[in-house]
>>> print(open('entry_30.csv').read())   # CSV, C-alpha atoms
chain,number,residue,atom,x,y,z
A,24,MET,CA,18.5,-19.7,31.6
A,25,GLN,CA,18.0,-23.4,32.4
A,26,GLN,CA,17.1,-25.8,29.7
A,27,GLY,CA,13.4,-26.3,29.3
A,28,GLU,CA,12.4,-23.0,30.8
A,29,ALA,CA,11.3,-21.5,27.5
A,30,ARG,CA,11.5,-22.4,23.8
A,31,PRO,CA,13.9,-20.0,22.2
A,32,HIS,CA,12.9,-18.1,19.1
A,33,ASP,CA,15.0,-17.8,16.0
A,34,HIS,CA,17.2,-15.1,17.6
A,35,GLY,CA,17.7,-17.0,20.8
A,36,LEU,CA,15.0,-15.2,22.7
A,37,PRO,CA,11.8,-16.9,24.0
A,38,ALA,CA,8.6,-16.6,21.9
A,39,ALA,CA,6.7,-15.6,25.0
A,40,LEU,CA,8.4,-12.2,24.8
A,41,TYR,CA,5.9,-11.4,22.0
A,42,VAL,CA,3.1,-11.8,24.4
A,43,ILE,CA,4.8,-9.8,27.1
A,44,SER,CA,5.6,-7.1,24.6
A,45,GLY,CA,1.9,-7.1,23.7
A,46,ALA,CA,0.9,-6.5,27.3
A,47,SER,CA,3.4,-3.6,27.5
A,48,PHE,CA,1.9,-2.1,24.3
A,49,ALA,CA,-1.6,-2.2,25.7
A,50,ALA,CA,-0.7,-0.6,29.0
A,51,ALA,CA,1.4,2.1,27.4
A,52,LEU,CA,-1.5,3.3,25.1
A,53,SER,CA,-3.0,5.3,27.9
A,54,ALA,CA,0.2,6.5,29.6
A,55,ARG,CA,0.4,9.8,27.7
A,56,ALA,CA,-3.2,9.9,26.5
A,57,LEU,CA,-4.1,13.3,28.1
A,58,ASP,CA,-0.9,15.2,27.5
A,59,PRO,CA,-1.7,16.4,23.9
A,60,VAL,CA,-5.3,17.4,25.0
A,61,LEU,CA,-4.5,19.0,28.3
A,62,PRO,CA,-5.2,22.6,27.1
A,63,HIS,CA,-8.8,21.5,26.2
A,64,VAL,CA,-9.3,19.6,29.5
A,65,ALA,CA,-8.1,22.7,31.4
A,66,GLU,CA,-10.6,24.9,29.3
A,67,ASP,CA,-13.5,22.5,29.9
A,68,PHE,CA,-13.1,22.5,33.7
A,69,GLY,CA,-12.0,26.1,34.0
A,70,VAL,CA,-8.6,25.3,35.5
A,71,SER,CA,-5.0,26.4,34.7
A,72,ILE,CA,-2.7,24.3,32.5
A,73,ALA,CA,-0.5,23.7,35.6
A,74,THR,CA,-3.5,22.3,37.5
A,75,ALA,CA,-4.5,20.1,34.5
A,76,ALA,CA,-0.9,18.8,34.4
A,77,GLY,CA,-1.7,17.3,37.8
A,78,PHE,CA,-3.3,14.5,35.9
A,79,ALA,CA,0.1,13.4,34.8
A,80,ALA,CA,1.4,13.8,38.4
A,81,VAL,CA,-1.4,11.8,40.0
A,82,PHE,CA,-1.2,9.0,37.4
A,83,ALA,CA,2.6,8.7,38.0
A,84,PHE,CA,2.1,9.0,41.8
A,85,THR,CA,-0.5,6.2,41.9
A,86,PHE,CA,1.6,4.1,39.6
A,87,SER,CA,4.6,4.6,41.9
A,88,ILE,CA,3.0,4.0,45.3
A,89,ILE,CA,1.5,0.7,44.4
A,90,GLN,CA,4.8,-0.7,43.1
A,91,PRO,CA,5.9,-2.3,46.4
A,92,ILE,CA,2.5,-4.0,46.6
A,93,VAL,CA,2.5,-5.0,43.0
A,94,GLY,CA,6.0,-6.5,43.3
A,95,ALA,CA,5.1,-8.5,46.4
A,96,ALA,CA,1.8,-9.6,44.9
A,97,ALA,CA,3.5,-10.8,41.7
A,98,ASP,CA,6.1,-12.8,43.6
A,99,LEU,CA,3.4,-14.2,45.9
A,100,PHE,CA,0.5,-15.0,43.5
A,101,GLY,CA,1.9,-15.1,40.0
A,102,LYS,CA,2.8,-12.5,37.5
A,103,THR,CA,0.6,-13.2,34.4
A,104,ARG,CA,-2.7,-13.2,36.2
A,105,LEU,CA,-1.9,-9.9,37.9
A,106,MET,CA,-0.9,-8.3,34.6
A,107,ILE,CA,-4.1,-9.3,32.8
A,108,GLY,CA,-6.3,-8.1,35.6
A,109,CYS,CA,-4.5,-4.7,35.7
A,110,LEU,CA,-5.0,-4.3,32.0
A,111,ALA,CA,-8.7,-4.7,32.3
A,112,LEU,CA,-8.8,-2.2,35.2
A,113,LEU,CA,-6.9,0.3,33.1
A,114,GLY,CA,-9.3,0.0,30.2
A,115,LEU,CA,-12.3,0.5,32.6
A,116,ALA,CA,-10.7,3.5,34.2
A,117,ASN,CA,-10.3,5.2,30.8
A,118,ILE,CA,-14.0,4.6,29.9
A,119,LEU,CA,-15.1,6.0,33.3
A,120,GLY,CA,-12.8,9.0,32.7
A,121,ALA,CA,-14.6,9.7,29.4
A,122,LEU,CA,-17.9,9.9,31.3
A,123,SER,CA,-16.6,12.2,34.0
A,124,THR,CA,-18.8,15.1,35.0
A,125,SER,CA,-16.3,17.1,37.1
A,126,PHE,CA,-12.6,17.6,37.5
A,127,SER,CA,-12.5,15.6,40.7
A,128,VAL,CA,-14.2,12.6,39.1
A,129,LEU,CA,-11.7,12.7,36.2
A,130,PHE,CA,-9.0,13.0,38.8
A,131,ALA,CA,-10.2,9.8,40.5
A,132,THR,CA,-10.3,7.9,37.3
A,133,ARG,CA,-6.7,8.8,36.6
A,134,ILE,CA,-5.9,7.3,40.0
A,135,LEU,CA,-7.5,4.0,38.9
A,136,ALA,CA,-5.6,4.2,35.6
A,137,GLY,CA,-2.4,4.6,37.5
A,138,ILE,CA,-3.2,1.5,39.5
A,139,GLY,CA,-4.0,-0.5,36.4
A,140,SER,CA,-0.9,0.6,34.5
A,141,GLY,CA,1.3,0.1,37.6
A,142,GLY,CA,0.5,-3.6,37.5
A,143,VAL,CA,1.6,-4.2,34.0
A,144,PHE,CA,5.0,-2.8,32.9
A,145,PRO,CA,7.2,-3.7,35.9
A,146,VAL,CA,5.8,-7.2,35.9
A,147,ALA,CA,6.4,-7.5,32.2
A,148,LEU,CA,10.1,-6.6,32.8
A,149,SER,CA,10.3,-9.2,35.6
A,150,LEU,CA,8.9,-11.9,33.3
A,151,THR,CA,11.3,-10.9,30.6
A,152,SER,CA,14.2,-11.1,33.1
A,153,ASP,CA,13.0,-14.6,34.3
A,154,LEU,CA,13.0,-15.9,30.8
A,155,VAL,CA,16.4,-14.6,29.7
A,156,GLY,CA,19.9,-14.8,31.2
A,157,PRO,CA,22.0,-11.7,32.0
A,158,GLU,CA,24.0,-12.0,28.8
A,159,LYS,CA,20.9,-11.4,26.6
A,160,ARG,CA,18.8,-9.5,29.1
A,161,GLN,CA,19.4,-5.9,27.8
A,162,VAL,CA,18.4,-7.0,24.3
A,163,ALA,CA,15.3,-8.9,25.6
A,164,ILE,CA,14.3,-6.0,27.7
A,165,SER,CA,14.6,-3.7,24.7
A,166,ARG,CA,12.0,-6.0,22.9
A,167,THR,CA,9.6,-5.5,25.8
A,168,LEU,CA,10.3,-1.8,25.7
A,169,ALA,CA,9.5,-1.8,22.0
A,170,GLY,CA,6.0,-2.8,22.9
A,171,ALA,CA,5.7,0.0,25.4
A,172,MET,CA,7.3,2.5,23.0
A,173,THR,CA,4.9,1.6,20.2
A,174,GLY,CA,2.0,2.0,22.7
A,175,ASN,CA,3.3,5.4,23.8
A,176,LEU,CA,3.8,6.4,20.2
A,177,LEU,CA,0.3,5.4,19.0
A,178,GLY,CA,-1.3,6.6,22.3
A,179,ALA,CA,0.2,10.1,22.1
A,180,SER,CA,-0.2,10.6,18.4
A,181,ALA,CA,-3.7,9.0,18.2
A,182,SER,CA,-4.7,11.1,21.3
A,183,GLY,CA,-4.0,14.3,19.4
A,184,LEU,CA,-5.7,13.1,16.3
A,185,ILE,CA,-8.8,11.8,18.1
A,186,GLY,CA,-8.9,14.9,20.2
A,187,ASP,CA,-9.2,17.2,17.2
A,188,PHE,CA,-12.4,15.2,16.1
A,189,LEU,CA,-13.9,13.8,19.3
A,190,GLY,CA,-12.4,15.9,22.1
A,191,TRP,CA,-10.6,14.6,25.1
A,192,ARG,CA,-13.6,12.4,26.1
A,193,GLY,CA,-13.4,10.6,22.8
A,194,VAL,CA,-9.7,10.0,23.4
A,195,LEU,CA,-10.3,8.2,26.7
A,196,ALA,CA,-13.3,6.3,25.4
A,197,VAL,CA,-11.5,4.9,22.4
A,198,LEU,CA,-8.3,4.0,24.2
A,199,GLY,CA,-10.3,2.4,27.0
A,200,VAL,CA,-12.1,0.1,24.6
A,201,LEU,CA,-8.8,-0.7,22.9
A,202,VAL,CA,-7.1,-1.6,26.2
A,203,ILE,CA,-9.9,-3.9,27.2
A,204,VAL,CA,-9.8,-5.7,23.9
A,205,ALA,CA,-6.0,-6.0,24.2
A,206,SER,CA,-6.3,-7.5,27.7
A,207,ILE,CA,-8.5,-10.3,26.3
A,208,ALA,CA,-6.0,-10.9,23.4
A,209,VAL,CA,-3.1,-11.0,25.8
A,210,ALA,CA,-4.9,-13.4,28.1
A,211,ALA,CA,-5.5,-15.7,25.1
A,212,GLY,CA,-1.9,-15.3,24.1
A,213,PHE,CA,-0.5,-16.3,27.5
A,214,ARG,CA,-2.5,-19.6,27.4
A,215,GLY,CA,-0.2,-20.9,24.7
A,216,ALA,CA,2.9,-19.1,25.8
A,217,LYS,CA,5.8,-21.1,27.3
A,218,VAL,CA,6.1,-19.0,30.4
A,219,LYS,CA,7.8,-20.4,33.5
A,220,HIS,CA,5.6,-20.3,36.6
A,221,PRO,CA,7.9,-20.2,39.6
A,222,PRO,CA,6.7,-21.5,42.9
A,223,LYS,CA,4.9,-19.0,45.1
A,224,THR,CA,7.1,-17.3,47.6
A,225,SER,CA,6.3,-16.5,51.2
A,226,LEU,CA,6.2,-13.4,53.3
A,227,SER,CA,9.4,-14.3,55.0
A,228,ALA,CA,11.1,-14.8,51.6
A,229,LEU,CA,9.9,-11.4,50.6
A,230,LYS,CA,11.5,-9.8,53.7
A,231,ALA,CA,14.7,-11.6,52.8
A,232,GLY,CA,14.3,-10.3,49.2
A,233,TYR,CA,14.1,-6.7,50.4
A,234,ARG,CA,17.2,-7.3,52.5
A,235,THR,CA,19.0,-8.7,49.5
A,236,ILE,CA,18.1,-5.8,47.3
A,237,PHE,CA,19.1,-3.1,49.7
A,238,THR,CA,22.4,-4.7,50.8
A,239,ASN,CA,23.5,-4.2,47.1
A,240,PRO,CA,25.1,-0.7,46.7
A,241,ASN,CA,23.8,-0.6,43.1
A,242,ALA,CA,20.2,-0.3,44.5
A,243,TYR,CA,20.7,3.2,45.9
A,244,VAL,CA,22.3,4.5,42.7
A,245,CYS,CA,19.8,2.8,40.4
A,246,TYR,CA,16.7,4.0,42.3
A,247,SER,CA,18.0,7.6,42.8
A,248,ALA,CA,19.0,7.8,39.1
A,249,VAL,CA,15.6,6.7,37.8
A,250,PHE,CA,13.9,9.2,40.2
A,251,VAL,CA,15.9,12.0,38.7
A,252,GLU,CA,15.3,10.8,35.1
A,253,GLY,CA,11.5,10.7,35.7
A,254,CYS,CA,11.6,14.3,37.2
A,255,CYS,CA,13.8,16.0,34.6
A,256,VAL,CA,12.7,14.2,31.4
A,257,LEU,CA,9.1,12.8,31.8
A,258,GLY,CA,8.1,15.7,34.0
A,259,LEU,CA,8.4,18.0,31.0
A,260,PHE,CA,5.8,16.3,28.8
A,261,PRO,CA,2.6,17.9,30.2
A,262,TYR,CA,4.0,21.3,29.2
A,263,ILE,CA,4.9,20.5,25.6
A,264,ALA,CA,1.4,21.3,24.3
A,265,SER,CA,1.4,24.6,26.1
A,266,PHE,CA,4.9,25.4,24.7
A,267,LEU,CA,3.5,24.8,21.2
A,268,PHE,CA,0.4,27.0,22.0
A,269,GLU,CA,2.8,29.8,22.8
A,270,LEU,CA,4.3,29.5,19.3
A,271,GLY,CA,0.8,29.7,17.8
A,272,GLN,CA,0.5,26.0,17.1
A,273,THR,CA,-2.8,25.0,18.6
A,274,SER,CA,-3.5,21.7,16.8
A,275,LEU,CA,-3.8,18.9,19.3
A,276,SER,CA,-2.7,16.5,16.5
A,277,ILE,CA,0.6,18.4,16.2
A,278,ALA,CA,1.1,18.2,20.0
A,279,GLY,CA,0.6,14.5,19.9
A,280,ILE,CA,3.1,14.1,17.0
A,281,VAL,CA,5.7,16.0,18.9
A,282,ILE,CA,5.2,14.0,22.2
A,283,ALA,CA,5.2,10.8,20.2
A,284,GLY,CA,8.7,11.6,18.9
A,285,PHE,CA,10.0,10.4,22.3
A,286,ALA,CA,8.5,7.0,21.7
A,287,VAL,CA,10.0,6.9,18.2
A,288,GLY,CA,13.4,7.5,19.8
A,289,GLY,CA,12.7,4.6,22.1
A,290,LEU,CA,11.9,2.4,19.2
A,291,PHE,CA,15.2,3.5,17.5
A,292,TYR,CA,16.9,2.4,20.7
A,293,THR,CA,15.5,-1.1,20.5
A,294,LEU,CA,16.9,-1.4,17.0
A,295,THR,CA,20.4,-0.1,17.9
A,296,VAL,CA,21.1,-1.4,21.4
A,297,SER,CA,22.6,-4.7,20.2
A,298,ARG,CA,25.2,-2.6,18.2
A,299,LEU,CA,25.7,0.1,20.8
A,300,LEU,CA,26.4,-2.2,23.7
A,301,PRO,CA,29.6,-3.8,22.4
A,302,TRP,CA,30.8,-0.5,21.1
A,303,LEU,CA,30.2,1.8,24.1
A,304,GLY,CA,29.8,-0.6,27.0
A,305,MET,CA,27.4,0.0,29.9
A,306,LYS,CA,29.3,3.0,31.2
A,307,GLY,CA,29.7,4.7,27.9
A,308,MET,CA,26.0,4.2,27.1
A,309,MET,CA,24.9,5.9,30.4
A,310,ILE,CA,27.1,8.9,29.7
A,311,ALA,CA,26.2,9.2,26.0
A,312,GLY,CA,22.5,8.7,26.7
A,313,MET,CA,22.2,11.3,29.4
A,314,THR,CA,24.3,13.8,27.3
A,315,LEU,CA,22.0,13.3,24.4
A,316,VAL,CA,19.0,14.0,26.6
A,317,ALA,CA,20.6,17.2,28.0
A,318,SER,CA,21.4,18.5,24.5
A,319,GLN,CA,17.8,18.2,23.5
A,320,LEU,CA,16.4,19.8,26.6
A,321,VAL,CA,18.6,22.8,25.7
A,322,ALA,CA,17.3,22.8,22.1
A,323,VAL,CA,13.6,22.7,23.3
A,324,ALA,CA,14.3,25.6,25.6
A,325,PHE,CA,14.9,27.9,22.5
A,326,GLY,CA,11.4,27.2,21.3
A,327,PRO,CA,12.0,26.0,17.7
A,328,ARG,CA,9.3,25.2,15.2
A,329,TRP,CA,7.1,22.1,16.0
A,330,GLU,CA,8.9,20.0,13.3
A,331,VAL,CA,12.2,20.7,15.0
A,332,GLN,CA,10.8,19.9,18.4
A,333,ALA,CA,9.5,16.6,17.1
A,334,LEU,CA,13.0,15.7,16.0
A,335,ASN,CA,14.3,17.0,19.4
A,336,LEU,CA,12.0,14.5,21.1
A,337,VAL,CA,13.1,11.7,18.9
A,338,VAL,CA,16.8,12.2,19.8
A,339,MET,CA,15.8,12.8,23.5
A,340,GLY,CA,13.9,9.4,23.5
A,341,TRP,CA,16.8,7.6,21.9
A,342,GLY,CA,19.3,9.0,24.5
A,343,PHE,CA,16.9,8.5,27.4
A,344,TYR,CA,16.5,4.8,26.7
A,345,ILE,CA,20.2,4.2,25.9
A,346,ALA,CA,20.8,5.2,29.5
A,347,HIS,CA,17.6,4.0,31.1
A,348,GLY,CA,18.0,0.5,29.6
A,349,CYS,CA,21.3,0.1,31.5
A,350,LEU,CA,19.6,1.1,34.8
A,351,GLN,CA,16.9,-1.5,34.1
A,352,VAL,CA,19.5,-4.2,33.7
A,353,PHE,CA,21.3,-3.3,36.9
A,354,ALA,CA,17.9,-3.3,38.7
A,355,SER,CA,17.1,-6.7,37.3
A,356,GLU,CA,20.3,-8.1,38.9
A,357,LEU,CA,19.7,-6.8,42.4
A,358,SER,CA,18.0,-10.1,43.4
A,359,VAL,CA,17.1,-13.4,41.8
A,360,GLU,CA,14.4,-14.6,44.1
A,361,ALA,CA,12.7,-11.2,44.5
A,362,ARG,CA,13.2,-9.9,40.9
A,363,ALA,CA,9.6,-8.7,40.5
A,364,THR,CA,10.0,-6.7,43.8
A,365,ALA,CA,13.3,-5.2,42.7
A,366,LEU,CA,11.9,-4.1,39.3
A,367,SER,CA,8.7,-2.8,40.9
A,368,LEU,CA,10.8,-0.6,43.2
A,369,HIS,CA,12.6,0.6,40.1
A,370,SER,CA,9.3,1.7,38.7
A,371,PHE,CA,8.3,3.1,42.1
A,372,PHE,CA,11.2,5.6,42.1
A,373,PHE,CA,10.9,6.3,38.4
A,374,PHE,CA,7.2,7.3,38.7
A,375,MET,CA,7.8,9.2,41.9
A,376,GLY,CA,10.1,11.3,39.8
A,377,GLN,CA,7.3,11.7,37.2
A,378,THR,CA,5.1,12.8,40.1
A,379,VAL,CA,7.5,15.4,41.3
A,380,GLY,CA,8.6,16.4,37.8
A,381,PRO,CA,5.4,18.3,36.6
A,382,LEU,CA,5.2,20.1,39.9
A,383,ALA,CA,8.9,21.1,39.8
A,384,TYR,CA,8.6,22.2,36.2
A,385,GLY,CA,5.5,24.2,37.0
A,386,PHE,CA,7.3,26.0,39.8
A,387,GLY,CA,10.4,26.6,37.7
A,388,LEU,CA,8.5,27.9,34.7
A,389,GLN,CA,6.4,30.2,36.8
A,390,HIS,CA,9.2,31.6,38.9
A,391,GLY,CA,12.3,31.2,36.8
A,392,GLY,CA,11.2,31.0,33.2
A,393,LYS,CA,11.4,28.4,30.4
A,394,MET,CA,15.1,28.6,29.5
A,395,PRO,CA,16.6,28.6,33.0
A,396,THR,CA,14.4,25.7,34.0
A,397,LEU,CA,15.2,23.5,31.0
A,398,PHE,CA,18.9,24.5,31.2
A,399,ALA,CA,19.0,23.3,34.9
A,400,SER,CA,17.4,20.0,33.9
A,401,ALA,CA,20.0,19.5,31.2
A,402,ALA,CA,22.9,20.1,33.6
A,403,ILE,CA,21.4,17.7,36.1
A,404,MET,CA,21.2,15.0,33.4
A,405,VAL,CA,24.9,15.4,32.4
A,406,VAL,CA,26.0,15.0,36.0
A,407,LEU,CA,23.7,12.0,36.5
A,408,GLY,CA,25.3,10.2,33.5
A,409,ILE,CA,28.8,10.7,34.9
A,410,VAL,CA,27.8,9.6,38.5
A,411,CYS,CA,26.0,6.5,37.3
A,412,ALA,CA,29.0,5.4,35.1
A,413,ARG,CA,31.3,5.8,38.0
A,414,LEU,CA,29.3,4.2,40.8
A,415,LEU,CA,27.4,1.3,39.1
A,416,LYS,CA,29.3,-1.9,38.9
A,417,GLN,CA,28.4,-5.5,38.0
A,418,ARG,CA,27.7,-7.2,41.3
A,419,ALA,CA,26.2,-10.7,41.6
A,420,PRO,CA,23.1,-10.6,43.9
A,421,SER,CA,23.7,-12.3,47.3
A,422,ASP,CA,20.8,-14.7,46.6
A,423,ALA,CA,22.3,-15.9,43.3
A,424,ARG,CA,22.9,-19.6,43.1
>>> encode(input="entry_30.csv", output="structure tokens")
Amino acid sequence: MQQGEARPHDHGLPAALYVISGASFAAALSARALDPVLPHVAEDFGVSIATAAGFAAVFAFTFSIIQPIVGAAADLFGKTRLMIGCLALLGLANILGALSTSFSVLFATRILAGIGSGGVFPVALSLTSDLVGPEKRQVAISRTLAGAMTGNLLGASASGLIGDFLGWRGVLAVLGVLVIVASIAVAAGFRGAKVKHPPKTSLSALKAGYRTIFTNPNAYVCYSAVFVEGCCVLGLFPYIASFLFELGQTSLSIAGIVIAGFAVGGLFYTLTVSRLLPWLGMKGMMIAGMTLVASQLVAVAFGPRWEVQALNLVVMGWGFYIAHGCLQVFASELSVEARATALSLHSFFFFMGQTVGPLAYGFGLQHGGKMPTLFASAAIMVVLGIVCARLLKQRAPSDAR
């Protein structure tokens, strides 16, 4: 980081990270909003739980397909303006979803929500990477992740609680208003933040950026790995409430608490990453993280009590972000000039995995059963950790100066 780019905070990190973390928090509130209340959505519209799980898939698919556009737009027109506008769109989409009169209308609002959310988190990561050098980047990214994890935690747990009192429509209405208020607060915060505004790039520079990204062998490993992560881990979430229903636990609040455990694990990661990194190194963190995830997938397959499953999700979230944080750092180093594009592509493949995941889990659960499906996902995660540790290496991007 060059002198004068940002005023460092007490811990050597820019104060603007607090604003960026706030934007991530606001966007993440809605990401898992419908997961705890899916059984009630399915009942209201007379569809199966697998069909209702399509909301998670369409949100993730929309999020993913706009990423190449978001990355290019951020590099061309500026990151902060795009981020704030997408927050406002996300809040509006939630409110419209609460007013939906049919399954198809609600489906359409989740597409809009995916677009809004898709313009926030990868741009937040890109801004974080712009402000902090490689030696502090994983810790800085963990601070941005802390905002997202807190949003996921409150979004999932509050969704279940609100759902018990106001139903799923109340969930979307309340979260929609909160996100719009947050977008206004974040906009005010960016006014005083010391965020560097890089010169706008050009279309020819964007083409060169894509070429830089995909000439780096790390790109293929990173993007494939996050696709598999999204499929095997996040693809499970729409089915957790139905797993609990099978055990006789029908409280939406309990489903929200269990799902929120994943975000608690993510927050624990943000508190431990600075100690884990020197101890395990990047390779050790990828193997350890994926192995932790696999162990908890196996544990959930046995259908323990909800209290145990909540703890399983905490450990799973911790392991997931131990490994995923490493992949984010590698993605941020694929290009200097097109960093927003590189990180948007990272999100594209991650959320494409989350698009395929619920569909793959639905097929596996229907045709193979719960235990074989989750055991297969666990085995894939162990192999993924070993492959990433072997193939990912520190490589300077070709456009580094």
>>> closest_atom_pairs(input="entry_30.csv", of="region 285-395 of chain A", to="region 83-101 of chain A", cutoff="7 Å", atoms="all atoms listed in the file", output="CSV")
residue,atom,partner,partner_atom,distance
A:Ala361,CA,A:Asp98,CA,6.9
A:Ala363,CA,A:Gly94,CA,5.1
A:Thr364,CA,A:Gly94,CA,4.0
A:Ser367,CA,A:Gln90,CA,4.9
A:Leu368,CA,A:Gln90,CA,6.0
A:Ser370,CA,A:Ser87,CA,6.4
A:Phe371,CA,A:Ser87,CA,4.0
A:Phe372,CA,A:Ser87,CA,6.7
A:Phe374,CA,A:Ala83,CA,4.9
A:Met375,CA,A:Ser87,CA,5.6
A:Gln377,CA,A:Ala83,CA,5.6
A:Thr378,CA,A:Phe84,CA,5.1
>>> closest_residue(input="entry_30.csv", among="A:Ala179, A:Ile164, A:Leu113, A:Ala346", to="Ser206 (chain A)", atoms="only C-alpha atoms")
A:Leu113
>>> closest_residue(input="entry_30.csv", among="A:Gly391, A:Pro301, A:Pro37, A:Pro420", to="Phe353 (chain A)", atoms="only C-alpha atoms")
A:Pro420
>>> closest_atom_pairs(input="entry_30.csv", of="region 242-361 of chain A", to="region 165-174 of chain A", cutoff="8 Å", atoms="all atoms listed in the file", output="Markdown table")
| residue | atom | partner | partner_atom | distance |
| --- | --- | --- | --- | --- |
| A:Ala286 | CA | A:Met172 | CA | 4.8 |
| A:Val287 | CA | A:Met172 | CA | 7.0 |
| A:Gly289 | CA | A:Met172 | CA | 5.9 |
| A:Leu290 | CA | A:Ala169 | CA | 5.6 |
| A:Tyr292 | CA | A:Ser165 | CA | 7.6 |
| A:Thr293 | CA | A:Ser165 | CA | 5.0 |
| A:Val296 | CA | A:Ser165 | CA | 7.6 |
| A:Gly348 | CA | A:Ser165 | CA | 7.3 |
>>> write_last_selection(input="entry_30.csv", atoms="C-alpha atoms", output="mmCIF file, in the coordinates of the input")
data_model
loop_
_atom_site.group_PDB
_atom_site.id
_atom_site.type_symbol
_atom_site.label_atom_id
_atom_site.label_comp_id
_atom_site.auth_asym_id
_atom_site.auth_seq_id
_atom_site.Cartn_x
_atom_site.Cartn_y
_atom_site.Cartn_z
ATOM 1 C CA ALA A 286 8.500 7.000 21.700
ATOM 2 C CA VAL A 287 10.000 6.900 18.200
ATOM 3 C CA GLY A 289 12.700 4.600 22.100
ATOM 4 C CA LEU A 290 11.900 2.400 19.200
ATOM 5 C CA TYR A 292 16.900 2.400 20.700
ATOM 6 C CA THR A 293 15.500 -1.100 20.500
ATOM 7 C CA VAL A 296 21.100 -1.400 21.400
ATOM 8 C CA GLY A 348 18.000 0.500 29.600
#
>>> residues_around(input="entry_30.csv", residues="Val42 (chain A)", least_positions_apart="3", cutoff="7 Å", atoms="only C-alpha atoms", output="CSV table (one decimal) with C-alpha atoms, in the frame of the given file")
chain,number,residue,atom,x,y,z
A,39,ALA,CA,6.7,-15.6,25.0
A,45,GLY,CA,1.9,-7.1,23.7
A,46,ALA,CA,0.9,-6.5,27.3
A,209,VAL,CA,-3.1,-11.0,25.8
A,212,GLY,CA,-1.9,-15.3,24.1
A,213,PHE,CA,-0.5,-16.3,27.5
>>> closest_residue(input="entry_30.csv", among="A:Gly232, A:Gly178, A:Gly137, A:Gly408", to="Ala311 (chain A)", atoms="all atoms listed in the file")
A:Gly408
>>> closest_residue(input="entry_30.csv", among="A:Phe325, A:Ser247, A:Ile43, A:Met305", to="Leu154 (chain A)", atoms="only C-alpha atoms")
A:Ile43
>>> residues_near_point(input="entry_30.csv", point="(21.4, -8.1, 50.1)", cutoff="9 Å", atoms="only C-alpha atoms", output="PyMOL selection string")
chain A and resi 231-240+357-358+420-422
>>> residues_around(input="entry_30.csv", residues="Ala402 (chain A)", least_positions_apart="3", cutoff="10 Å", atoms="all atoms listed in the file", output="mmCIF file with C-alpha atoms, keeping the file's coordinate frame")
data_model
loop_
_atom_site.group_PDB
_atom_site.id
_atom_site.type_symbol
_atom_site.label_atom_id
_atom_site.label_comp_id
_atom_site.auth_asym_id
_atom_site.auth_seq_id
_atom_site.Cartn_x
_atom_site.Cartn_y
_atom_site.Cartn_z
ATOM 1 C CA MET A 313 22.200 11.300 29.400
ATOM 2 C CA THR A 314 24.300 13.800 27.300
ATOM 3 C CA ALA A 317 20.600 17.200 28.000
ATOM 4 C CA SER A 318 21.400 18.500 24.500
ATOM 5 C CA LEU A 320 16.400 19.800 26.600
ATOM 6 C CA VAL A 321 18.600 22.800 25.700
ATOM 7 C CA LEU A 397 15.200 23.500 31.000
ATOM 8 C CA PHE A 398 18.900 24.500 31.200
ATOM 9 C CA ALA A 399 19.000 23.300 34.900
ATOM 10 C CA VAL A 405 24.900 15.400 32.400
ATOM 11 C CA VAL A 406 26.000 15.000 36.000
ATOM 12 C CA LEU A 407 23.700 12.000 36.500
#
>>> closest_residue(input="entry_30.csv", among="A:Arg160, A:Gly141, A:Leu52, A:Asp67", to="Gly114 (chain A)", atoms="all atoms listed in the file")
A:Leu52
